[in-house]
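Worksheet for the structure shown next.
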Amino acid sequence: MKSVFIFILTVFFFNIKLIESFTGTVTLVEDNYSHVQFCRPTFFVNVTSSEMLSTLYFRDINGATNGPTFTKIYSDFISPNYYLSGYLTSGFYQPNPTSTLHGKDVTYGNEINIQAVIDYVCELPPIINITEPVTIISKPLKLETTFYVHVENLQKRIQLIDSIIPASSYPFSISFLGSEPYFLKFNLICEYSNIGAIVNSEFLTYHLTYDVSTNFTLNIRSPIKYTLSTALVKISQFPITPYSTLNNWDINNMVFVNGTNIDPNLFFYGVYNTTTSLEKNQFFSLISGNNTNGQFLFVSSSFPVKRDTNPFSLIFGLYSYGFHTTFANSLITNNAIGSNFVNLGIVSNSEPFVMNNFYFTCFYPDNYKLVIKIGNNNYFSLVYPYGLKQLYSSGTCKYDIKWAKGYDEVTLLSDTGERYYNGPSPTGITDLVPPNFLDFQLFYPRGGDGNYAILRAHIIDTASGFSFLYYGGNYITVADLINGTIYDGYYEKLIYVTFDTTCKIGDLVTNIASCSVSISDVPSNQNIKYYYGVNPSDYIPYLVDTEFEITRFDFESSVYDLSESGRLVTFYLNYSKAQSDIPISFFLTDRNYGDKYIDINSKSNRYLMDKDLNLFKITFYVPPKLCTGTLPFLIIIHGKQFRNDYFYSKFGDQANLNVFSKDCFEFPPRVTDISYLKSDPVSLDSNQTIGWQITINSGADIKISYVFLHVISDLDKKGYIFEYYPNSTEFIQRIEIDVSPLTTPSQTFKIYNATCIDERGIRSDLIDSYKVEEVYSQSPTYPLSISPFYLFDSTLFDIIVSSPFIRESVAPTITLSKLPYEYIDDNLQLSIFFELITTDNVAISINHLPQVYLEHSSNYGDLQIVQCNTNNTVASLSSCTYYITCKVEYGYGIQNTVSASVYGVVDTSLNVASYSSLSFNQTFDLTNKSNSKKPSISSWTPLTPYNYKLTLFGRNFPTSGGSAYLYYTDSDLDNLVALNYIYSSSVMVVLEIGPGIKPFIVYTQNSNNEKSNKVEIHYLGNPTSSSSSSSSSSSSDNSTLPPVLCLDNCGGSSRGTCIPNVGCSCKSPYSGLNCLSETIKVPKPQTNTTSPDSRNEFPVSGSDIKLNTIISIVALRELDYQGKQVSIHYFDIWNFTTISPTNFTYSSPVLKNNQHVSNISVSMEWHEQSTTITFAKQNFTINPSTLKYYISLDKYPFESSLNTLDLIIKSTLKSSQSDDVCGSKGFSLNDGNDYMTLQIGKYSFEGKFIKKAILNGNRIVTINNKLLNDNEVYGNTTIAKEKDSSNQQSSFISIQIPRYDLNVLLDPSFSVLLDSNESSKSSENSICTSNKSKLTAAQIAGIVVGSVVLMVILCLFVIVRFSKSDKFLSLKIFFYKLFKRFKRKY
């Protein structure tokens, strides 16, 4: 009884125990006006308490809780207190609410009043009075068009619009999308069902109510044409006859019409009579000519799902606004292709969390699209040859893929509407709760390039354990664990900043949840921040901070004429809280396709503030012949996207990008003719070449920049890939495939995919990149692409080949063995190596290179696939040996074993074989290999002579007990300079570097004496020698070049004009830094049919001197971010084509590791007379007798996104003059271009290297050109060493090319000059000879200096000896006169 009594007292005592100390701060983060006298603000709450609290909430003056309790809070114990922080949204009544912050302790549930000041006023919404009619600038108008309305007195969000009532019956309605300070956002929707109730008025008028009796009227200028003042004439319609949607991407309806005096507000829409809704992404727009006399195109598409089982037809009608009559009709017929998925199964292993096999049989997905989802992960597509186990002549195939079994949940989804779902069947897993954040911080290192940030997180999952955190395109995994375990651990990673706030977190059993703070009734928007430091005293700068205001936006010009050529366009932008090292992104989008073809996270579209102007000055290129109107664009600031209509609503016409074209053209390249090389079908009785001849046209003198074709067959899914870079307005090409009755089985070849892109980036695609899940729901995000083959029936794409070749049915055998060596590079990437042996009873196909894939799963269901590199080294008819290199990122395979699979092994009968290492129980444990704890430096922020703090980024930096060292040369290794740590974390350290300008080498070392890689650091802002580099490279066109002085008054007004800070702009035929050189007339070089090397030997008129000039394109080398050579390719084989008597083209493959990876194309054009050319959208004068080069490089596989290319060009000048002559070389910057000059006597050979390049067809960037020194030329190359002399000078110029995606265009030129200033011994780097002695300028200088020294010694002797003599004064006068004469002469 006594024990019971004590127990009751104890419980009673502790239940009434109050928390001894509790304080808090409440900070308003997002606010809104009241709605029905009720505000719902969001606060960030910090609480310090002596006890652990379970919930936080507000109470109003009556004691009622006003809003939801907040339970998912961060907590940490730092003796003697607990710290709690998080977001809390609650309701506050208007006008002056009184609320208190409360919490409950975890142990006893006691409620406490937290002492916190809550200073908040709930404001009534303002009276909105929009006097000016709203103009919708988006053209062409779409069925749903978003627009903004600027409201000057709207300083907060309004919570919602209660009602929208039209004053009259219109075919358009509007919906309220949301609000933000100073803006309301709406959607204008075409209600085609109400088309008969059209009212012809000037405005669309709507009455809106937004809080009890508060309302306003919105007048929208009618964005459409009410009546047709002129007839439209249909030119053509496609499909011409009903066609099948067997190829699911060929489902566009296209109607071409001619019109005169067409109002730009004309609005057309299409309806499929067999469907109940409109396809939202259809469009009607001008594609050529102008509104007075132009050609229009209407495009609409339908996604007929379930066409595999239910064939049907779609009737399409095109209607104009105001006339409910059919303008055009067409029919799309759907053919059944049969059931897709059969024979599904799962081969499971008994142990939990191991790799398993999942297999299924289906029709091969070349007539439809197929995606797979395992567990709760994202859909992914199967790209040949991954997963393909067998291929049957019936068109079916078998897939066998690996996955980690947690839930037996697999979804197969096709755009035919068929879906297969298996599961879920839990396998004894009891964890149903995703991981929790205890801390989430995003630290933005200042002074960098704005591309990287540090993510830190404290995550717990006490059941199955943490698996991954996905944030804005970055994955944080157990590899980033710096302390603790997967059940309670601290993680840190250097991430690439995408300004995308998408965040998901998952555990080992695929419980996946959003990281976002869940706030009841608050619309999802980017104003809610959940990046914070848990300790109130910590300051972590917000990376995504949308609490800013755009204060300036205007274009330099009100309209840009694109009638003849493109234009460089500049606009200025500024916003509050702008920082010099935080970039913004700018994209020019498409009128019809929006941002479909742009990469939101592209580095090349990021711009930093102009430090001189203290605002953003952005210059970009607008291509020619775009149709008159307003061009759309997208700007991303701190992760928030702003479209052009936003800027227009705030800044008016000055924020519109208006363009004009007299005769525009906005249509992609298309195939205008296609024919068989051999009549179809083909009967093989001998070796033949089959295929097609195609003609592709672009129109309007727009050049075609890229053509891609992919041909496959029903037996060969790898097929044949053809890529071309025409650089012409018309492209005629034979697509050839060699077949033989001895090696080619009977099969049907077809054009599977095609892409054509013009120089402006406008493209046509046979296969569109839409998402299958969108098609399944019939709501694609973007319009479908126009097919380049829309003029032709799809039957022309097929070639049936009948062959006597008899297929055997035995598939090849595969043996995969891991080789006993590995390699970890400086970036901690692990390379592992395999030997792959394939054998066949007849022969292995050498046209099919097997692919090895590593597979790893960090949780149940997620699959991380790495494709390895295959090298074929030993081959025979029946056996091939391949050596495989697999390079994996740091941490790959840390949570589970890694398996290897082989796909794409094919024999000559086109039997397909694959290999599963699981079948032989071969898996690989990479835990201790890909997770090395050795420190590694990957990048760093630049140093300047005024900045002594060096920031290093990488992995495994010592946070305690480590060190860092600096040295200058290898001879200083015994005299290392120890550096002080200002800041240290696992992925970033800040070191204090003493003052200096000399380059140095730095590395870090941990407490186990493991050293990081060593990196060489250079200071920015140091003057560079004119013999090395004229300016630093830049990734954007608004980079600033160093100022250039005008010398010698630019030769006078007849020769040149001085442009301040830019240099002399010389008039033809003058050239040089001071325009004192004159181009001399030389004969056209003899045509070289083997390479673009140009050799020209000619006599100089009026003298007996002969000059010889040589230009050679030597090599292409890849450099890493430290300037170290990764690979080099020497050009030796060229294909020659004559374009005209003065224009020739050469092409050559680019090899890397003995594999063909890219192509280079060089066009040489001889200019007899002075002319003006346009490159990178700037005009340049070409002097007479100039050889012009146009160099194009195709897509190149960079080892790293930080790597660059060097194109090395050699130039040589030789002279027959050997006596009394000096030779010199120079490299300098003038008029914004780099000039290489080789001079012998008074003649020079000049190369002009434009400091611009065009990336990916439309992106203009500033590049760097560099004169290489001997060590750079001969140190890492096999180039034969040459020695300069007085009558022979050579130079190696490196054109430094930044990383690009598609292609790059370069534009150097060369000419011979007569110089007013002859090269002499005083010229820099000169080598001189005379008829008496052949002494260099350096030797002559040495003799002169020696003579002067001897004279000085004699003078001193005389002075000492005779200083007291009466005759000394006359000696002093004599030596003084002698010194002045000597000084004047030298």
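Naming works like this for the structure tokens: A, B, ... for the chains as they're shown, residue 1 at the start of each chain, ligands 1 onward in shown order.
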Just list as a PyMOL selection string whatever in region 654-842 of chain A DSSP marks as alpha helix (DSSP H). chain A and resi 772-776
Taking 3 positions as the minimum chain separation for residues in the same chain, which residues sit within 8 Å of region 1213-1221 of chain A when counting only C-alpha atoms? Answer as a VMD selection string. chain A and resid 1105 to 1110 1238 to 1241 1244 to 1245 1286 to 1290 1319 to 1320 1328 to 1331
Selection file, N, CA, C and O atoms, as a PDB file, in the first residue's frame:
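Saved the output as part.pdb:
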```
ATOM      1  N   ILE A1105      62.336  39.548-103.423  1.00  0.00           N
ATOM      2  CA  ILE A1105      61.994  38.771-102.236  1.00  0.00           C
ATOM      3  C   ILE A1105      60.809  37.865-102.535  1.00  0.00           C
ATOM      4  O   ILE A1105      59.836  38.267-103.168  1.00  0.00           O
ATOM      5  N   LYS A1106      60.906  36.636-102.088  1.00  0.00           N
ATOM      6  CA  LYS A1106      59.782  35.701-102.143  1.00  0.00           C
ATOM      7  C   LYS A1106      59.300  35.410-100.722  1.00  0.00           C
ATOM      8  O   LYS A1106      60.101  35.222 -99.815  1.00  0.00           O
ATOM      9  N   LEU A1107      57.994  35.398-100.569  1.00  0.00           N
ATOM     10  CA  LEU A1107      57.385  35.070 -99.276  1.00  0.00           C
ATOM     11  C   LEU A1107      56.652  33.749 -99.376  1.00  0.00           C
ATOM     12  O   LEU A1107      56.122  33.402-100.435  1.00  0.00           O
ATOM     13  N   ASN A1108      56.633  33.035 -98.270  1.00  0.00           N
ATOM     14  CA  ASN A1108      55.941  31.752 -98.206  1.00  0.00           C
ATOM     15  C   ASN A1108      55.097  31.749 -96.932  1.00  0.00           C
ATOM     16  O   ASN A1108      55.614  31.959 -95.836  1.00  0.00           O
ATOM     17  N   THR A1109      53.773  31.532 -97.092  1.00  0.00           N
ATOM     18  CA  THR A1109      52.881  31.469 -95.930  1.00  0.00           C
ATOM     19  C   THR A1109      52.296  30.073 -95.828  1.00  0.00           C
ATOM     20  O   THR A1109      51.970  29.447 -96.835  1.00  0.00           O
ATOM     21  N   ILE A1110      52.161  29.591 -94.607  1.00  0.00           N
ATOM     22  CA  ILE A1110      51.599  28.262 -94.349  1.00  0.00           C
ATOM     23  C   ILE A1110      50.590  28.390 -93.198  1.00  0.00           C
ATOM     24  O   ILE A1110      50.885  29.008 -92.172  1.00  0.00           O
ATOM     25  N   LEU A1238      53.147  37.638 -87.538  1.00  0.00           N
ATOM     26  CA  LEU A1238      54.496  37.144 -87.811  1.00  0.00           C
ATOM     27  C   LEU A1238      55.134  38.131 -88.780  1.00  0.00           C
ATOM     28  O   LEU A1238      54.603  38.365 -89.865  1.00  0.00           O
ATOM     29  N   GLN A1239      56.256  38.727 -88.394  1.00  0.00           N
ATOM     30  CA  GLN A1239      56.855  39.781 -89.226  1.00  0.00           C
ATOM     31  C   GLN A1239      58.297  39.439 -89.559  1.00  0.00           C
ATOM     32  O   GLN A1239      59.075  39.039 -88.700  1.00  0.00           O
ATOM     33  N   ILE A1240      58.634  39.591 -90.839  1.00  0.00           N
ATOM     34  CA  ILE A1240      60.011  39.460 -91.319  1.00  0.00           C
ATOM     35  C   ILE A1240      60.297  40.710 -92.140  1.00  0.00           C
ATOM     36  O   ILE A1240      59.671  40.932 -93.186  1.00  0.00           O
ATOM     37  N   GLY A1241      61.217  41.520 -91.665  1.00  0.00           N
ATOM     38  CA  GLY A1241      61.491  42.785 -92.345  1.00  0.00           C
ATOM     39  C   GLY A1241      60.260  43.668 -92.297  1.00  0.00           C
ATOM     40  O   GLY A1241      59.686  43.924 -91.242  1.00  0.00           O
ATOM     41  N   SER A1244      54.553  41.266 -93.087  1.00  0.00           N
ATOM     42  CA  SER A1244      54.014  40.497 -91.962  1.00  0.00           C
ATOM     43  C   SER A1244      52.852  39.637 -92.438  1.00  0.00           C
ATOM     44  O   SER A1244      52.192  39.932 -93.438  1.00  0.00           O
ATOM     45  N   PHE A1245      52.651  38.583 -91.720  1.00  0.00           N
ATOM     46  CA  PHE A1245      51.544  37.648 -91.958  1.00  0.00           C
ATOM     47  C   PHE A1245      50.629  37.770 -90.744  1.00  0.00           C
ATOM     48  O   PHE A1245      51.044  37.495 -89.621  1.00  0.00           O
ATOM     49  N   SER A1286      65.622  34.541 -88.262  1.00  0.00           N
ATOM     50  CA  SER A1286      65.359  35.900 -88.715  1.00  0.00           C
ATOM     51  C   SER A1286      64.468  35.928 -89.943  1.00  0.00           C
ATOM     52  O   SER A1286      63.776  36.921 -90.181  1.00  0.00           O
ATOM     53  N   ASN A1287      64.461  34.856 -90.734  1.00  0.00           N
ATOM     54  CA  ASN A1287      63.624  34.855 -91.942  1.00  0.00           C
ATOM     55  C   ASN A1287      62.576  33.738 -91.928  1.00  0.00           C
ATOM     56  O   ASN A1287      62.027  33.405 -92.960  1.00  0.00           O
ATOM     57  N   GLN A1288      62.331  33.158 -90.773  1.00  0.00           N
ATOM     58  CA  GLN A1288      61.236  32.192 -90.643  1.00  0.00           C
ATOM     59  C   GLN A1288      60.659  32.289 -89.233  1.00  0.00           C
ATOM     60  O   GLN A1288      61.369  32.123 -88.253  1.00  0.00           O
ATOM     61  N   GLN A1289      59.360  32.565 -89.176  1.00  0.00           N
ATOM     62  CA  GLN A1289      58.674  32.703 -87.901  1.00  0.00           C
ATOM     63  C   GLN A1289      57.420  31.819 -87.916  1.00  0.00           C
ATOM     64  O   GLN A1289      56.697  31.764 -88.915  1.00  0.00           O
ATOM     65  N   SER A1290      57.178  31.137 -86.797  1.00  0.00           N
ATOM     66  CA  SER A1290      56.000  30.282 -86.674  1.00  0.00           C
ATOM     67  C   SER A1290      55.288  30.583 -85.365  1.00  0.00           C
ATOM     68  O   SER A1290      55.917  31.006 -84.385  1.00  0.00           O
ATOM     69  N   SER A1319      60.322  45.376 -88.962  1.00  0.00           N
ATOM     70  CA  SER A1319      60.796  44.644 -87.802  1.00  0.00           C
ATOM     71  C   SER A1319      62.287  44.883 -87.644  1.00  0.00           C
ATOM     72  O   SER A1319      63.064  44.753 -88.602  1.00  0.00           O
ATOM     73  N   SER A1320      62.699  45.273 -86.433  1.00  0.00           N
ATOM     74  CA  SER A1320      64.096  45.607 -86.185  1.00  0.00           C
ATOM     75  C   SER A1320      64.553  44.962 -84.899  1.00  0.00           C
ATOM     76  O   SER A1320      63.799  44.277 -84.217  1.00  0.00           O
ATOM     77  N   CYS A1328      67.579  38.715 -85.404  1.00  0.00           N
ATOM     78  CA  CYS A1328      68.112  39.531 -86.495  1.00  0.00           C
ATOM     79  C   CYS A1328      69.378  38.917 -87.077  1.00  0.00           C
ATOM     80  O   CYS A1328      70.118  38.195 -86.402  1.00  0.00           O
ATOM     81  N   THR A1329      69.643  39.224 -88.356  1.00  0.00           N
ATOM     82  CA  THR A1329      70.899  38.882 -89.015  1.00  0.00           C
ATOM     83  C   THR A1329      71.339  40.073 -89.848  1.00  0.00           C
ATOM     84  O   THR A1329      70.548  40.954 -90.187  1.00  0.00           O
ATOM     85  N   SER A1330      72.627  40.104 -90.170  1.00  0.00           N
ATOM     86  CA  SER A1330      73.153  41.118 -91.100  1.00  0.00           C
ATOM     87  C   SER A1330      74.113  40.428 -92.033  1.00  0.00           C
ATOM     88  O   SER A1330      74.458  39.258 -91.869  1.00  0.00           O
ATOM     89  N   ASN A1331      74.615  41.158 -93.053  1.00  0.00           N
ATOM     90  CA  ASN A1331      75.529  40.521 -94.002  1.00  0.00           C
ATOM     91  C   ASN A1331      76.911  40.324 -93.415  1.00  0.00           C
ATOM     92  O   ASN A1331      77.738  39.632 -93.974  1.00  0.00           O
TER      93      ASN A1331
END
```
If you count only C-alpha atoms, the residue of A:Tyr384, A:Tyr1235, A:Tyr475, A:Phe586 closest to Leu608 (chain A) turns out to be A:Phe586
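Atom pair CA of Ile495 (chain A) / CA of Phe43 (chain A) has a distance of 28.0 Å (rounded to one decimal).
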Tell me which protein, DNA and RNA residues are within 12 Å of Ile1297 (chain A), counting only C-alpha atoms, leaving out same-chain ones fewer than 3 positions away, and put them as a PyMOL selection string. chain A and resi 1033-1035+1116-1119+1191-1193+1196+1198+1202-1208+1251-1255+1260-1266+1294+1300-1301+1303-1306
Written file, previous selection with N, CA, C and O atoms, as a compact mmCIF listing (two decimals), in the first residue's frame:
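Just written: out.txt:
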```txt
# COMPACT_ATOMS: atom_id res chain seq x y z
N SER A 1033 38.86 34.37 -70.69
CA SER A 1033 37.68 33.85 -71.36
C SER A 1033 36.45 34.11 -70.53
O SER A 1033 36.51 34.37 -69.35
N SER A 1034 35.34 34.00 -71.19
CA SER A 1034 34.06 34.26 -70.52
C SER A 1034 33.02 33.35 -71.09
O SER A 1034 33.09 32.92 -72.22
N SER A 1035 32.01 33.05 -70.29
CA SER A 1035 30.93 32.20 -70.75
C SER A 1035 29.74 32.98 -71.23
O SER A 1035 28.76 32.42 -71.63
N LEU A 1116 43.22 19.03 -81.95
CA LEU A 1116 42.16 19.40 -81.02
C LEU A 1116 42.45 18.67 -79.72
O LEU A 1116 42.59 17.45 -79.71
N ARG A 1117 42.53 19.42 -78.65
CA ARG A 1117 42.82 18.77 -77.38
C ARG A 1117 41.79 19.19 -76.33
O ARG A 1117 41.24 20.29 -76.39
N GLU A 1118 41.51 18.29 -75.42
CA GLU A 1118 40.57 18.55 -74.33
C GLU A 1118 41.37 18.83 -73.06
O GLU A 1118 42.31 18.10 -72.73
N LEU A 1119 40.98 19.89 -72.35
CA LEU A 1119 41.66 20.28 -71.12
C LEU A 1119 40.68 20.23 -69.95
O LEU A 1119 39.49 20.51 -70.12
N ILE A 1191 35.03 27.44 -89.25
CA ILE A 1191 35.31 26.16 -88.61
C ILE A 1191 34.12 25.76 -87.74
O ILE A 1191 33.63 26.55 -86.93
N SER A 1192 33.65 24.53 -87.93
CA SER A 1192 32.51 24.02 -87.16
C SER A 1192 32.90 22.70 -86.52
O SER A 1192 33.47 21.82 -87.17
N LEU A 1193 32.60 22.58 -85.22
CA LEU A 1193 32.82 21.34 -84.48
C LEU A 1193 31.47 20.80 -84.05
O LEU A 1193 30.63 21.53 -83.53
N TYR A 1196 30.56 17.10 -78.89
CA TYR A 1196 31.78 16.45 -78.39
C TYR A 1196 31.52 15.91 -76.99
O TYR A 1196 30.94 16.60 -76.15
N PHE A 1198 32.51 15.65 -73.69
CA PHE A 1198 33.44 16.16 -72.68
C PHE A 1198 33.48 15.19 -71.49
O PHE A 1198 32.46 14.65 -71.08
N LEU A 1202 33.20 20.75 -66.70
CA LEU A 1202 34.15 21.84 -66.48
C LEU A 1202 35.24 21.87 -67.54
O LEU A 1202 36.04 22.81 -67.58
N ASN A 1203 35.31 20.86 -68.40
CA ASN A 1203 36.38 20.78 -69.38
C ASN A 1203 36.12 21.70 -70.56
O ASN A 1203 34.99 22.09 -70.85
N THR A 1204 37.21 22.02 -71.27
CA THR A 1204 37.15 22.87 -72.46
C THR A 1204 37.97 22.22 -73.57
O THR A 1204 38.67 21.21 -73.35
N LEU A 1205 37.90 22.82 -74.77
CA LEU A 1205 38.68 22.35 -75.91
C LEU A 1205 39.64 23.43 -76.36
O LEU A 1205 39.37 24.62 -76.23
N ASP A 1206 40.77 22.99 -76.91
CA ASP A 1206 41.73 23.87 -77.58
C ASP A 1206 41.86 23.42 -79.02
O ASP A 1206 42.21 22.25 -79.29
N LEU A 1207 41.57 24.31 -79.97
CA LEU A 1207 41.84 24.04 -81.37
C LEU A 1207 43.13 24.76 -81.72
O LEU A 1207 43.22 25.99 -81.63
N ILE A 1208 44.16 23.98 -82.10
CA ILE A 1208 45.49 24.53 -82.32
C ILE A 1208 45.69 24.76 -83.82
O ILE A 1208 45.56 23.83 -84.63
N LYS A 1251 36.98 37.23 -81.31
CA LYS A 1251 36.81 36.75 -79.94
C LYS A 1251 35.35 36.36 -79.66
O LYS A 1251 34.81 36.60 -78.57
N LYS A 1252 34.71 35.80 -80.65
CA LYS A 1252 33.34 35.33 -80.50
C LYS A 1252 33.25 33.92 -81.05
O LYS A 1252 33.97 33.56 -81.98
N ALA A 1253 32.35 33.15 -80.49
CA ALA A 1253 32.00 31.84 -81.03
C ALA A 1253 30.49 31.69 -80.90
O ALA A 1253 29.85 32.34 -80.06
N ILE A 1254 29.93 30.86 -81.76
CA ILE A 1254 28.49 30.59 -81.72
C ILE A 1254 28.31 29.15 -81.24
O ILE A 1254 28.75 28.21 -81.91
N LEU A 1255 27.68 28.99 -80.10
CA LEU A 1255 27.44 27.67 -79.52
C LEU A 1255 26.01 27.24 -79.82
O LEU A 1255 25.07 28.03 -79.71
N ILE A 1260 25.80 33.13 -78.53
CA ILE A 1260 27.05 33.84 -78.80
C ILE A 1260 27.80 34.01 -77.50
O ILE A 1260 27.25 34.49 -76.51
N VAL A 1261 29.08 33.61 -77.49
CA VAL A 1261 29.90 33.75 -76.30
C VAL A 1261 31.22 34.38 -76.67
O VAL A 1261 31.67 34.35 -77.82
N THR A 1262 31.84 35.02 -75.69
CA THR A 1262 33.19 35.55 -75.86
C THR A 1262 34.19 34.46 -75.51
O THR A 1262 34.05 33.78 -74.50
N ILE A 1263 35.18 34.28 -76.36
CA ILE A 1263 36.18 33.23 -76.13
C ILE A 1263 37.56 33.84 -76.02
O ILE A 1263 37.77 35.03 -76.28
N ASN A 1264 38.51 33.01 -75.67
CA ASN A 1264 39.88 33.42 -75.51
C ASN A 1264 40.74 32.74 -76.56
O ASN A 1264 40.56 31.56 -76.85
N ASN A 1265 41.64 33.49 -77.17
CA ASN A 1265 42.64 32.96 -78.09
C ASN A 1265 44.01 33.18 -77.46
O ASN A 1265 44.25 34.21 -76.83
N LYS A 1266 44.89 32.23 -77.63
CA LYS A 1266 46.16 32.29 -76.89
C LYS A 1266 47.31 31.87 -77.79
O LYS A 1266 47.22 30.91 -78.55
N SER A 1294 46.07 28.87 -79.94
CA SER A 1294 45.03 28.02 -79.36
C SER A 1294 43.73 28.81 -79.29
O SER A 1294 43.66 29.84 -78.62
N TYR A 1300 30.17 23.00 -74.85
CA TYR A 1300 28.94 23.26 -75.58
C TYR A 1300 28.17 21.95 -75.70
O TYR A 1300 28.68 20.88 -75.40
N ASP A 1301 26.93 22.03 -76.18
CA ASP A 1301 26.07 20.84 -76.26
C ASP A 1301 25.97 20.28 -77.67
O ASP A 1301 26.10 19.07 -77.87
N ASN A 1303 26.95 22.15 -81.19
CA ASN A 1303 28.06 22.46 -82.09
C ASN A 1303 28.62 23.83 -81.75
O ASN A 1303 28.04 24.58 -80.96
N VAL A 1304 29.77 24.15 -82.35
CA VAL A 1304 30.40 25.45 -82.14
C VAL A 1304 30.96 25.92 -83.47
O VAL A 1304 31.47 25.12 -84.27
N LEU A 1305 30.84 27.22 -83.74
CA LEU A 1305 31.34 27.83 -84.97
C LEU A 1305 32.41 28.84 -84.62
O LEU A 1305 32.24 29.67 -83.71
N LEU A 1306 33.53 28.81 -85.39
CA LEU A 1306 34.67 29.72 -85.21
C LEU A 1306 34.97 30.40 -86.53
O LEU A 1306 34.57 29.92 -87.60
```
Please provide the set of residues having any atom within 10 Å of Val117 (chain A), restricted to only C-alpha atoms, with same-chain residues fewer than 3 positions apart removed, written as a PyMOL selection string. chain A and resi 23-27+99-101+114+120
Excluding region 747-757 of chain A and its own-chain neighbours fewer than 6 positions away, which residues fall within 8 Å of it when counting only C-alpha atoms? Please give them as a PyMOL selection string. chain A and resi 366+668-670+704-715+763-767+788+797-802
How far is it from CA of Ser179 (chain A) to CA of Phe587 (chain A), in Å with one decimal?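 Computing it gives 24.0 Å between the two atoms.
CA of Glu1010 (chain A) is found 28.9 Å from CA of Phe834 (chain A).
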Within 6 Å of region 966-968 of chain A, counting only C-alpha atoms, which residues qualify if same-chain residues fewer than 4 places away don't, as a list of chain:residue names?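 That gives A:Asp972, A:Leu976, A:Val977, A:Phe1000, A:Ile1001, A:Val1002.
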Take the residues from that selection and write them out as a PDB file, in the first residue's frame, keeping C-alpha atoms.
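Done, and the output landed in selection.pdb:
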```pdb
ATOM      1  CA  ASP A 972      59.940  24.376 -52.347  1.00  0.00           C
ATOM      2  CA  LEU A 976      55.915  24.313 -47.141  1.00  0.00           C
ATOM      3  CA  VAL A 977      53.820  27.239 -45.961  1.00  0.00           C
ATOM      4  CA  PHE A1000      51.046  28.682 -56.124  1.00  0.00           C
ATOM      5  CA  ILE A1001      50.097  25.067 -55.410  1.00  0.00           C
ATOM      6  CA  VAL A1002      47.886  24.105 -52.484  1.00  0.00           C
TER       7      VAL A1002
END
```
All strand (DSSP E or B) residues (DSSP, backbone) inside region 601-836 of chain A, as a ChimeraX atom specification: /A:606-607,610,615-622,629-630,633-637,640-643,658-660,664-665,670-676,682-683,688-697,704-713,720-724,728,730-739,747-758,763-765,798-802,813-824,830-836
Using only C-alpha atoms, pick whichever of A:Ser1211, A:Ser857, A:Thr1186, A:Ser173 has the shortest atom-to-atom distance to Asp507 (chain A). A:Ser857
